[in-house]
>>> print(open('coords22.pdb').read())   # PDB, C-alpha atoms, pLDDT in the B column
ATOM      1  CA  MET A   1      23.221   8.340  -9.853  1.00 52.00           C
ATOM      2  CA  SER A   2      23.176  11.771 -11.403  1.00 54.00           C
ATOM      3  CA  THR A   3      20.613  14.296 -10.273  1.00 66.00           C
ATOM      4  CA  GLU A   4      19.450  15.155 -13.797  1.00 75.00           C
ATOM      5  CA  ILE A   5      16.077  13.556 -14.386  1.00 88.00           C
ATOM      6  CA  ILE A   6      14.313  13.646 -17.727  1.00 87.00           C
ATOM      7  CA  TRP A   7      10.741  12.358 -17.609  1.00 96.00           C
ATOM      8  CA  GLU A   8       9.182  10.621 -20.588  1.00 97.00           C
ATOM      9  CA  ASN A   9       5.521   9.747 -21.041  1.00 98.00           C
ATOM     10  CA  LYS A  10       4.615   7.505 -23.950  1.00 98.00           C
ATOM     11  CA  THR A  11       1.908   5.203 -25.177  1.00 98.00           C
ATOM     12  CA  PHE A  12       2.837   1.611 -25.928  1.00 96.00           C
ATOM     13  CA  SER A  13       3.183   2.280 -29.647  1.00 97.00           C
ATOM     14  CA  GLN A  14       5.552   5.184 -28.939  1.00 98.00           C
ATOM     15  CA  LEU A  15       7.941   3.128 -26.799  1.00 98.00           C
ATOM     16  CA  ASN A  16      11.092   1.958 -28.510  1.00 97.00           C
ATOM     17  CA  ILE A  17      12.376  -1.572 -27.993  1.00 97.00           C
ATOM     18  CA  ASP A  18      14.973  -0.542 -25.403  1.00 97.00           C
ATOM     19  CA  GLU A  19      12.440   1.441 -23.351  1.00 97.00           C
ATOM     20  CA  LEU A  20       9.999  -1.481 -23.399  1.00 95.00           C
ATOM     21  CA  TYR A  21      12.745  -3.886 -22.339  1.00 95.00           C
ATOM     22  CA  ASP A  22      13.928  -1.532 -19.582  1.00 96.00           C
ATOM     23  CA  LEU A  23      10.471  -0.949 -18.103  1.00 95.00           C
ATOM     24  CA  LEU A  24       9.612  -4.650 -18.123  1.00 92.00           C
ATOM     25  CA  LYS A  25      12.983  -5.512 -16.575  1.00 94.00           C
ATOM     26  CA  LEU A  26      12.526  -2.881 -13.850  1.00 93.00           C
ATOM     27  CA  ARG A  27       9.036  -4.137 -13.021  1.00 92.00           C
ATOM     28  CA  ILE A  28      10.176  -7.765 -12.906  1.00 89.00           C
ATOM     29  CA  ASP A  29      13.340  -6.970 -10.918  1.00 89.00           C
ATOM     30  CA  ILE A  30      11.296  -5.301  -8.188  1.00 83.00           C
ATOM     31  CA  PHE A  31       7.836  -6.887  -8.160  1.00 79.00           C
ATOM     32  CA  VAL A  32       8.758 -10.464  -9.050  1.00 70.00           C
ATOM     33  CA  VAL A  33      12.356 -10.930  -7.876  1.00 70.00           C
ATOM     34  CA  GLU A  34      12.807  -8.473  -4.970  1.00 70.00           C
ATOM     35  CA  GLN A  35       9.298  -8.944  -3.565  1.00 71.00           C
ATOM     36  CA  SER A  36       9.171 -12.672  -4.407  1.00 71.00           C
ATOM     37  CA  CYS A  37       5.766 -12.183  -5.965  1.00 66.00           C
ATOM     38  CA  PHE A  38       5.051 -14.435  -8.898  1.00 66.00           C
ATOM     39  CA  TYR A  39       2.232 -12.966 -10.956  1.00 63.00           C
ATOM     40  CA  PRO A  40       1.487 -12.304 -14.646  1.00 64.00           C
ATOM     41  CA  ASP A  41       2.966  -8.829 -15.137  1.00 67.00           C
ATOM     42  CA  LEU A  42       2.030  -8.791 -18.816  1.00 73.00           C
ATOM     43  CA  ASP A  43      -1.720  -8.211 -18.729  1.00 85.00           C
ATOM     44  CA  ASP A  44      -2.371  -6.466 -22.084  1.00 87.00           C
ATOM     45  CA  HIS A  45      -3.179  -3.205 -20.247  1.00 93.00           C
ATOM     46  CA  ASP A  46       0.224  -1.931 -21.349  1.00 94.00           C
ATOM     47  CA  ARG A  47      -0.901  -2.052 -24.991  1.00 95.00           C
ATOM     48  CA  HIS A  48      -4.171  -0.134 -24.590  1.00 95.00           C
ATOM     49  CA  PRO A  49      -3.922   2.969 -26.824  1.00 96.00           C
ATOM     50  CA  GLN A  50      -4.746   5.325 -23.918  1.00 97.00           C
ATOM     51  CA  THR A  51      -2.370   3.764 -21.370  1.00 97.00           C
ATOM     52  CA  GLN A  52       0.450   6.150 -20.480  1.00 98.00           C
ATOM     53  CA  HIS A  53       3.909   4.854 -19.547  1.00 97.00           C
ATOM     54  CA  LEU A  54       5.787   7.398 -17.428  1.00 98.00           C
ATOM     55  CA  PHE A  55       9.468   6.809 -16.724  1.00 98.00           C
ATOM     56  CA  CYS A  56      12.874   8.386 -16.307  1.00 97.00           C
ATOM     57  CA  TYR A  57      16.468   7.467 -16.906  1.00 95.00           C
ATOM     58  CA  GLN A  58      19.488   8.454 -14.849  1.00 93.00           C
ATOM     59  CA  ASP A  59      22.965   7.702 -16.157  1.00 90.00           C
ATOM     60  CA  GLY A  60      21.439   5.415 -18.790  1.00 91.00           C
ATOM     61  CA  VAL A  61      19.426   3.383 -16.272  1.00 93.00           C
ATOM     62  CA  MET A  62      15.627   3.477 -16.013  1.00 96.00           C
ATOM     63  CA  THR A  63      15.141   4.361 -12.350  1.00 96.00           C
ATOM     64  CA  ALA A  64      11.424   5.146 -12.043  1.00 97.00           C
ATOM     65  CA  TYR A  65       8.251   3.986 -13.768  1.00 96.00           C
ATOM     66  CA  LEU A  66       4.480   3.978 -13.462  1.00 97.00           C
ATOM     67  CA  ARG A  67       1.584   3.468 -15.810  1.00 96.00           C
ATOM     68  CA  ILE A  68      -1.678   5.362 -16.038  1.00 98.00           C
ATOM     69  CA  LEU A  69      -4.691   3.360 -17.162  1.00 97.00           C
ATOM     70  CA  PRO A  70      -7.920   4.785 -18.601  1.00 97.00           C
ATOM     71  CA  LYS A  71     -11.371   4.091 -17.182  1.00 95.00           C
ATOM     72  CA  GLY A  72     -12.646   0.623 -17.890  1.00 93.00           C
ATOM     73  CA  LEU A  73      -9.369  -1.295 -17.654  1.00 93.00           C
ATOM     74  CA  THR A  74      -8.788  -1.707 -13.923  1.00 92.00           C
ATOM     75  CA  TYR A  75     -11.821   0.176 -12.637  1.00 94.00           C
ATOM     76  CA  GLN A  76     -15.034   0.878 -14.509  1.00 94.00           C
ATOM     77  CA  ASP A  77     -15.508   4.433 -13.205  1.00 95.00           C
ATOM     78  CA  ASN A  78     -11.953   5.553 -12.455  1.00 96.00           C
ATOM     79  CA  ILE A  79      -8.610   5.947 -14.119  1.00 97.00           C
ATOM     80  CA  SER A  80      -5.809   4.251 -12.243  1.00 97.00           C
ATOM     81  CA  ILE A  81      -2.107   4.404 -11.577  1.00 97.00           C
ATOM     82  CA  GLY A  82      -0.207   1.173 -11.222  1.00 92.00           C
ATOM     83  CA  ARG A  83       3.146  -0.571 -11.413  1.00 91.00           C
ATOM     84  CA  VAL A  84       4.708   2.285  -9.422  1.00 94.00           C
ATOM     85  CA  VAL A  85       8.361   1.341  -9.051  1.00 94.00           C
ATOM     86  CA  ILE A  86      11.725   2.864  -8.158  1.00 95.00           C
ATOM     87  CA  ALA A  87      14.953   1.023  -8.961  1.00 94.00           C
ATOM     88  CA  SER A  88      16.819  -0.077  -5.844  1.00 90.00           C
ATOM     89  CA  CYS A  89      19.834   2.038  -6.870  1.00 91.00           C
ATOM     90  CA  ALA A  90      17.697   5.210  -6.830  1.00 92.00           C
ATOM     91  CA  ARG A  91      15.812   4.894  -3.549  1.00 91.00           C
ATOM     92  CA  GLY A  92      16.027   7.274  -0.633  1.00 90.00           C
ATOM     93  CA  ILE A  93      16.452  10.494  -2.643  1.00 89.00           C
ATOM     94  CA  GLY A  94      12.783  11.450  -3.089  1.00 92.00           C
ATOM     95  CA  LEU A  95      12.442  10.051  -6.596  1.00 95.00           C
ATOM     96  CA  GLY A  96       9.243   8.209  -5.655  1.00 94.00           C
ATOM     97  CA  HIS A  97       7.576  11.457  -4.631  1.00 95.00           C
ATOM     98  CA  GLU A  98       8.729  13.140  -7.831  1.00 96.00           C
ATOM     99  CA  LEU A  99       7.390  10.204  -9.859  1.00 97.00           C
ATOM    100  CA  MET A 100       3.992  10.509  -8.193  1.00 96.00           C
ATOM    101  CA  ARG A 101       3.885  14.319  -8.625  1.00 97.00           C
ATOM    102  CA  VAL A 102       4.686  14.024 -12.327  1.00 97.00           C
ATOM    103  CA  GLY A 103       2.267  11.104 -12.687  1.00 97.00           C
ATOM    104  CA  LEU A 104      -0.612  13.062 -11.202  1.00 97.00           C
ATOM    105  CA  VAL A 105       0.112  15.991 -13.537  1.00 96.00           C
ATOM    106  CA  GLU A 106      -0.028  13.557 -16.449  1.00 97.00           C
ATOM    107  CA  CYS A 107      -3.333  12.160 -15.150  1.00 96.00           C
ATOM    108  CA  LEU A 108      -4.835  15.650 -15.290  1.00 95.00           C
ATOM    109  CA  LYS A 109      -3.365  16.268 -18.727  1.00 96.00           C
ATOM    110  CA  PHE A 110      -4.732  13.098 -20.334  1.00 95.00           C
ATOM    111  CA  PHE A 111      -7.786  12.446 -18.148  1.00 95.00           C
ATOM    112  CA  PRO A 112      -8.923  15.840 -16.800  1.00 92.00           C
ATOM    113  CA  ASN A 113     -11.250  15.828 -13.798  1.00 84.00           C
ATOM    114  CA  ASP A 114     -11.237  12.034 -13.460  1.00 92.00           C
ATOM    115  CA  THR A 115     -10.880  10.418 -10.054  1.00 95.00           C
ATOM    116  CA  VAL A 116      -7.767   8.271  -9.676  1.00 97.00           C
ATOM    117  CA  LYS A 117      -8.113   4.916  -7.935  1.00 97.00           C
ATOM    118  CA  ILE A 118      -5.193   2.729  -6.944  1.00 96.00           C
ATOM    119  CA  SER A 119      -4.592  -0.640  -5.381  1.00 94.00           C
ATOM    120  CA  ALA A 120      -1.740   0.225  -3.015  1.00 93.00           C
ATOM    121  CA  GLN A 121       0.447  -2.012  -0.950  1.00 90.00           C
ATOM    122  CA  GLU A 122      -0.834  -1.335   2.553  1.00 95.00           C
ATOM    123  CA  HIS A 123       2.554  -0.343   3.987  1.00 92.00           C
ATOM    124  CA  LEU A 124       2.675   2.549   1.461  1.00 92.00           C
ATOM    125  CA  GLU A 125      -0.559   4.186   2.673  1.00 96.00           C
ATOM    126  CA  LYS A 126       1.213   7.225   4.187  1.00 95.00           C
ATOM    127  CA  TYR A 127       3.270   7.712   1.010  1.00 93.00           C
ATOM    128  CA  TYR A 128       0.081   7.888  -1.068  1.00 94.00           C
ATOM    129  CA  ASN A 129      -1.650  10.065   1.587  1.00 96.00           C
ATOM    130  CA  GLN A 130       1.076  12.661   0.957  1.00 95.00           C
ATOM    131  CA  HIS A 131      -0.166  12.846  -2.644  1.00 96.00           C
ATOM    132  CA  GLY A 132      -3.835  13.296  -1.784  1.00 96.00           C
ATOM    133  CA  PHE A 133      -4.995   9.678  -1.819  1.00 97.00           C
ATOM    134  CA  GLU A 134      -7.459   8.481   0.815  1.00 97.00           C
ATOM    135  CA  ARG A 135      -8.021   4.895   1.882  1.00 97.00           C
ATOM    136  CA  VAL A 136     -11.419   3.566   0.799  1.00 97.00           C
ATOM    137  CA  SER A 137     -11.242  -0.142   1.652  1.00 96.00           C
ATOM    138  CA  GLU A 138     -10.227  -2.653   4.238  1.00 97.00           C
ATOM    139  CA  MET A 139      -7.016  -4.583   3.674  1.00 96.00           C
ATOM    140  CA  TYR A 140      -7.199  -7.339   1.076  1.00 94.00           C
ATOM    141  CA  LEU A 141      -4.598  -9.702  -0.316  1.00 92.00           C
ATOM    142  CA  GLU A 142      -3.406  -9.228  -3.863  1.00 85.00           C
ATOM    143  CA  ASP A 143      -0.774 -11.756  -4.910  1.00 79.00           C
ATOM    144  CA  ASP A 144      -0.387 -12.596  -1.194  1.00 83.00           C
ATOM    145  CA  ILE A 145       0.613  -9.001  -0.368  1.00 85.00           C
ATOM    146  CA  PRO A 146      -1.638  -6.788   1.842  1.00 93.00           C
ATOM    147  CA  HIS A 147      -3.236  -4.061  -0.305  1.00 94.00           C
ATOM    148  CA  ILE A 148      -5.832  -1.311   0.109  1.00 97.00           C
ATOM    149  CA  SER A 149      -7.902   0.685  -2.361  1.00 96.00           C
ATOM    150  CA  MET A 150      -7.266   4.427  -2.385  1.00 97.00           C
ATOM    151  CA  LEU A 151      -8.903   7.365  -4.200  1.00 97.00           C
ATOM    152  CA  LYS A 152      -7.723  10.825  -5.226  1.00 94.00           C
ATOM    153  CA  THR A 153     -10.216  13.386  -6.389  1.00 85.00           C
ATOM    154  CA  TYR A 154      -9.411  16.768  -7.916  1.00 74.00           C
TER
END
>>> encode(input="coords22.pdb", output="structure tokens")
Amino acid sequence: MSTEIIWENKTFSQLNIDELYDLLKLRIDIFVVEQSCFYPDLDDHDRHPQTQHLFCYQDGVMTAYLRILPKGLTYQDNISIGRVVIASCARGIGLGHELMRVGLVECLKFFPNDTVKISAQEHLEKYYNQHGFERVSEMYLEDDIPHISMLKTY
């Protein structure tokens, strides 16, 4: 993988067909195939006009992705970040931390002063702690995977 990373942030209507295909393939490759978690990835939240799709390509391959959802979709009183994913070929180089840093900047840009709430896989708690998230729930199962709720305030 090259080290040049160009971040893109688009709404659903701004995505081209290849970008949409690539982000759905990345999400399915990791969440459904790699993690053996069969769930309905297509939930119509992607299409909401305020949902932001943040991603990057390296050497023509989408290697990182997350989506930012406005209040009222996942949580009534909070915006949220979800579908945080790094391609297996791009792990171990800090790309996940860069994705989260850029994602939080985009949260402030599009949803200033809003609290961010996430449903995080429990084993990633320390990763999210490094980005200012604090655990606010006990462990619960989501798609048979241990998760926790976490909040970040500005």
>>> residues_near_point(input="coords22.pdb", point="(-12.4, 8.4, -9.4)", cutoff="7 Å", atoms="only C-alpha atoms", output="VMD selection string")
chain A and resid 77 to 79 114 to 117 151 to 153
>>> closest_residue(input="coords22.pdb", among="A:Met100, A:Val33, A:Leu42, A:Met139", to="Leu66 in chain A", atoms="all atoms listed in the file")
A:Met100
>>> closest_residue(input="coords22.pdb", among="A:Ile118, A:Cys89, A:Glu125, A:Gln130", to="Asp59 in chain A", atoms="only C-alpha atoms")
A:Cys89
>>> resolve_selection(input="coords22.pdb", expression="the PyMOL selection byres ((chain A and resi 28) around 12)", output="VMD selection string")
chain A and resid 21 to 27 29 to 42 65 83 to 87
>>> atom_distance(input="coords22.pdb", atom1="CA of Glu4 in chain A", atom2="CA of Leu99 in chain A")
13.6 Å
>>> residues_near_point(input="coords22.pdb", point="(-2.5, 0.6, -23.9)", cutoff="10 Å", atoms="only C-alpha atoms", output="list in words")
Lys10, Thr11, Phe12, Ser13, Asp44, His45, Asp46, Arg47, His48, Pro49, Gln50, Thr51, Gln52, His53, Arg67, Ile68, Leu69, Pro70 and Leu73 of chain A
>>> atom_distance(input="coords22.pdb", atom1="CA of Gln14 in chain A", atom2="CA of Tyr128 in chain A")
28.5 Å
>>> atom_distance(input="coords22.pdb", atom1="CA of Leu54 in chain A", atom2="CA of Ile81 in chain A")
10.3 Å
>>> resolve_selection(input="coords22.pdb", expression="the PyMOL selection byres ((chain A and resi 138) around 10)", output="list in words")
Glu122, Arg135, Val136, Ser137, Met139, Tyr140, Pro146, His147, Ile148 and Ser149 of chain A
>>> write_last_selection(input="coords22.pdb", atoms="C-alpha atoms", output="short mmCIF file (atom, residue, chain, number, x, y, z; two decimals), in the frame of the given file")
data_model
loop_
_atom_site.label_atom_id
_atom_site.label_comp_id
_atom_site.auth_asym_id
_atom_site.auth_seq_id
_atom_site.Cartn_x
_atom_site.Cartn_y
_atom_site.Cartn_z
CA GLU A 122 -0.83 -1.34 2.55
CA ARG A 135 -8.02 4.89 1.88
CA VAL A 136 -11.42 3.57 0.80
CA SER A 137 -11.24 -0.14 1.65
CA MET A 139 -7.02 -4.58 3.67
CA TYR A 140 -7.20 -7.34 1.08
CA PRO A 146 -1.64 -6.79 1.84
CA HIS A 147 -3.24 -4.06 -0.30
CA ILE A 148 -5.83 -1.31 0.11
CA SER A 149 -7.90 0.68 -2.36
#
>>> closest_residue(input="coords22.pdb", among="A:Thr63, A:Asn16, A:Phe133, A:Ile6", to="Ile93 in chain A", atoms="only C-alpha atoms")
A:Thr63
>>> axis_aligned_box(input="coords22.pdb", around="range 63-78 of chain A", padding_each_side="5 Å", output="lines of an AutoDock Vina configuration file")
center_x = -0.2
center_y = 1.9
center_z = -15.3
size_x = 40.6
size_y = 17.3
size_z = 16.6
>>> closest_residue(input="coords22.pdb", among="A:Lys126, A:Gly72, A:Gln121, A:His97", to="Asp144 in chain A", atoms="all atoms listed in the file")
A:Gln121
>>> build_atoms(input="coords22.pdb", residues="range 91-116 of chain A", atoms="N, CA, C and O atoms", output="PDB file, in the coordinates of the input")
ATOM      1  N   ARG A  91      16.715   4.675  -4.683  1.00 91.00           N
ATOM      2  CA  ARG A  91      15.812   4.894  -3.549  1.00 91.00           C
ATOM      3  C   ARG A  91      16.444   5.810  -2.514  1.00 91.00           C
ATOM      4  O   ARG A  91      17.655   5.931  -2.423  1.00 91.00           O
ATOM      5  N   GLY A  92      15.561   6.459  -1.746  1.00 90.00           N
ATOM      6  CA  GLY A  92      16.027   7.274  -0.633  1.00 90.00           C
ATOM      7  C   GLY A  92      16.396   8.697  -0.991  1.00 90.00           C
ATOM      8  O   GLY A  92      16.919   9.425  -0.151  1.00 90.00           O
ATOM      9  N   ILE A  93      16.112   9.128  -2.223  1.00 89.00           N
ATOM     10  CA  ILE A  93      16.452  10.494  -2.643  1.00 89.00           C
ATOM     11  C   ILE A  93      15.212  11.304  -3.035  1.00 89.00           C
ATOM     12  O   ILE A  93      15.334  12.390  -3.576  1.00 89.00           O
ATOM     13  N   GLY A  94      14.014  10.734  -2.774  1.00 92.00           N
ATOM     14  CA  GLY A  94      12.783  11.450  -3.089  1.00 92.00           C
ATOM     15  C   GLY A  94      12.259  11.213  -4.492  1.00 92.00           C
ATOM     16  O   GLY A  94      11.290  11.854  -4.902  1.00 92.00           O
ATOM     17  N   LEU A  95      12.872  10.299  -5.218  1.00 95.00           N
ATOM     18  CA  LEU A  95      12.442  10.051  -6.596  1.00 95.00           C
ATOM     19  C   LEU A  95      11.011   9.516  -6.662  1.00 95.00           C
ATOM     20  O   LEU A  95      10.263   9.847  -7.576  1.00 95.00           O
ATOM     21  N   GLY A  96      10.609   8.732  -5.681  1.00 94.00           N
ATOM     22  CA  GLY A  96       9.243   8.209  -5.655  1.00 94.00           C
ATOM     23  C   GLY A  96       8.210   9.314  -5.555  1.00 94.00           C
ATOM     24  O   GLY A  96       7.169   9.268  -6.203  1.00 94.00           O
ATOM     25  N   HIS A  97       8.498  10.322  -4.748  1.00 95.00           N
ATOM     26  CA  HIS A  97       7.576  11.457  -4.631  1.00 95.00           C
ATOM     27  C   HIS A  97       7.534  12.261  -5.926  1.00 95.00           C
ATOM     28  O   HIS A  97       6.472  12.702  -6.361  1.00 95.00           O
ATOM     29  N   GLU A  98       8.694  12.433  -6.548  1.00 96.00           N
ATOM     30  CA  GLU A  98       8.729  13.140  -7.831  1.00 96.00           C
ATOM     31  C   GLU A  98       7.965  12.360  -8.898  1.00 96.00           C
ATOM     32  O   GLU A  98       7.209  12.939  -9.685  1.00 96.00           O
ATOM     33  N   LEU A  99       8.129  11.054  -8.915  1.00 97.00           N
ATOM     34  CA  LEU A  99       7.390  10.204  -9.859  1.00 97.00           C
ATOM     35  C   LEU A  99       5.887  10.384  -9.678  1.00 97.00           C
ATOM     36  O   LEU A  99       5.149  10.556 -10.651  1.00 97.00           O
ATOM     37  N   MET A 100       5.428  10.373  -8.436  1.00 96.00           N
ATOM     38  CA  MET A 100       3.992  10.509  -8.193  1.00 96.00           C
ATOM     39  C   MET A 100       3.507  11.914  -8.551  1.00 96.00           C
ATOM     40  O   MET A 100       2.431  12.061  -9.141  1.00 96.00           O
ATOM     41  N   ARG A 101       4.283  12.953  -8.256  1.00 97.00           N
ATOM     42  CA  ARG A 101       3.885  14.319  -8.625  1.00 97.00           C
ATOM     43  C   ARG A 101       3.740  14.441 -10.141  1.00 97.00           C
ATOM     44  O   ARG A 101       2.737  14.959 -10.640  1.00 97.00           O
ATOM     45  N   VAL A 102       4.735  13.952 -10.869  1.00 97.00           N
ATOM     46  CA  VAL A 102       4.686  14.024 -12.327  1.00 97.00           C
ATOM     47  C   VAL A 102       3.536  13.155 -12.848  1.00 97.00           C
ATOM     48  O   VAL A 102       2.809  13.555 -13.760  1.00 97.00           O
ATOM     49  N   GLY A 103       3.355  11.993 -12.269  1.00 97.00           N
ATOM     50  CA  GLY A 103       2.267  11.104 -12.687  1.00 97.00           C
ATOM     51  C   GLY A 103       0.901  11.729 -12.525  1.00 97.00           C
ATOM     52  O   GLY A 103       0.041  11.604 -13.407  1.00 97.00           O
ATOM     53  N   LEU A 104       0.692  12.430 -11.425  1.00 97.00           N
ATOM     54  CA  LEU A 104      -0.612  13.062 -11.202  1.00 97.00           C
ATOM     55  C   LEU A 104      -0.833  14.228 -12.161  1.00 97.00           C
ATOM     56  O   LEU A 104      -1.964  14.472 -12.604  1.00 97.00           O
ATOM     57  N   VAL A 105       0.223  14.941 -12.519  1.00 96.00           N
ATOM     58  CA  VAL A 105       0.112  15.991 -13.537  1.00 96.00           C
ATOM     59  C   VAL A 105      -0.298  15.366 -14.873  1.00 96.00           C
ATOM     60  O   VAL A 105      -1.162  15.882 -15.585  1.00 96.00           O
ATOM     61  N   GLU A 106       0.305  14.241 -15.200  1.00 97.00           N
ATOM     62  CA  GLU A 106      -0.028  13.557 -16.449  1.00 97.00           C
ATOM     63  C   GLU A 106      -1.464  13.031 -16.425  1.00 97.00           C
ATOM     64  O   GLU A 106      -2.149  13.038 -17.453  1.00 97.00           O
ATOM     65  N   CYS A 107      -1.930  12.584 -15.271  1.00 96.00           N
ATOM     66  CA  CYS A 107      -3.333  12.160 -15.150  1.00 96.00           C
ATOM     67  C   CYS A 107      -4.269  13.304 -15.526  1.00 96.00           C
ATOM     68  O   CYS A 107      -5.226  13.115 -16.292  1.00 96.00           O
ATOM     69  N   LEU A 108      -4.001  14.487 -14.980  1.00 95.00           N
ATOM     70  CA  LEU A 108      -4.835  15.650 -15.290  1.00 95.00           C
ATOM     71  C   LEU A 108      -4.744  16.040 -16.760  1.00 95.00           C
ATOM     72  O   LEU A 108      -5.731  16.463 -17.362  1.00 95.00           O
ATOM     73  N   LYS A 109      -3.578  15.913 -17.329  1.00 96.00           N
ATOM     74  CA  LYS A 109      -3.365  16.268 -18.727  1.00 96.00           C
ATOM     75  C   LYS A 109      -4.154  15.354 -19.666  1.00 96.00           C
ATOM     76  O   LYS A 109      -4.820  15.829 -20.588  1.00 96.00           O
ATOM     77  N   PHE A 110      -4.102  14.051 -19.430  1.00 95.00           N
ATOM     78  CA  PHE A 110      -4.732  13.098 -20.334  1.00 95.00           C
ATOM     79  C   PHE A 110      -6.147  12.717 -19.933  1.00 95.00           C
ATOM     80  O   PHE A 110      -6.939  12.304 -20.781  1.00 95.00           O
ATOM     81  N   PHE A 111      -6.473  12.836 -18.651  1.00 95.00           N
ATOM     82  CA  PHE A 111      -7.786  12.446 -18.148  1.00 95.00           C
ATOM     83  C   PHE A 111      -8.299  13.515 -17.185  1.00 95.00           C
ATOM     84  O   PHE A 111      -8.437  13.272 -15.988  1.00 95.00           O
ATOM     85  N   PRO A 112      -8.555  14.738 -17.693  1.00 92.00           N
ATOM     86  CA  PRO A 112      -8.923  15.840 -16.800  1.00 92.00           C
ATOM     87  C   PRO A 112     -10.187  15.547 -15.986  1.00 92.00           C
ATOM     88  O   PRO A 112     -11.140  14.962 -16.496  1.00 92.00           O
ATOM     89  N   ASN A 113     -10.124  15.922 -14.728  1.00 84.00           N
ATOM     90  CA  ASN A 113     -11.250  15.828 -13.798  1.00 84.00           C
ATOM     91  C   ASN A 113     -11.671  14.410 -13.441  1.00 84.00           C
ATOM     92  O   ASN A 113     -12.711  14.224 -12.820  1.00 84.00           O
ATOM     93  N   ASP A 114     -10.901  13.404 -13.840  1.00 92.00           N
ATOM     94  CA  ASP A 114     -11.237  12.034 -13.460  1.00 92.00           C
ATOM     95  C   ASP A 114     -10.656  11.716 -12.089  1.00 92.00           C
ATOM     96  O   ASP A 114      -9.576  12.190 -11.732  1.00 92.00           O
ATOM     97  N   THR A 115     -11.360  10.906 -11.335  1.00 95.00           N
ATOM     98  CA  THR A 115     -10.880  10.418 -10.054  1.00 95.00           C
ATOM     99  C   THR A 115      -9.882   9.304 -10.305  1.00 95.00           C
ATOM    100  O   THR A 115     -10.078   8.467 -11.177  1.00 95.00           O
ATOM    101  N   VAL A 116      -8.800   9.292  -9.543  1.00 97.00           N
ATOM    102  CA  VAL A 116      -7.767   8.271  -9.676  1.00 97.00           C
ATOM    103  C   VAL A 116      -7.944   7.252  -8.559  1.00 97.00           C
ATOM    104  O   VAL A 116      -8.026   7.618  -7.386  1.00 97.00           O
TER     105      VAL A 116
END
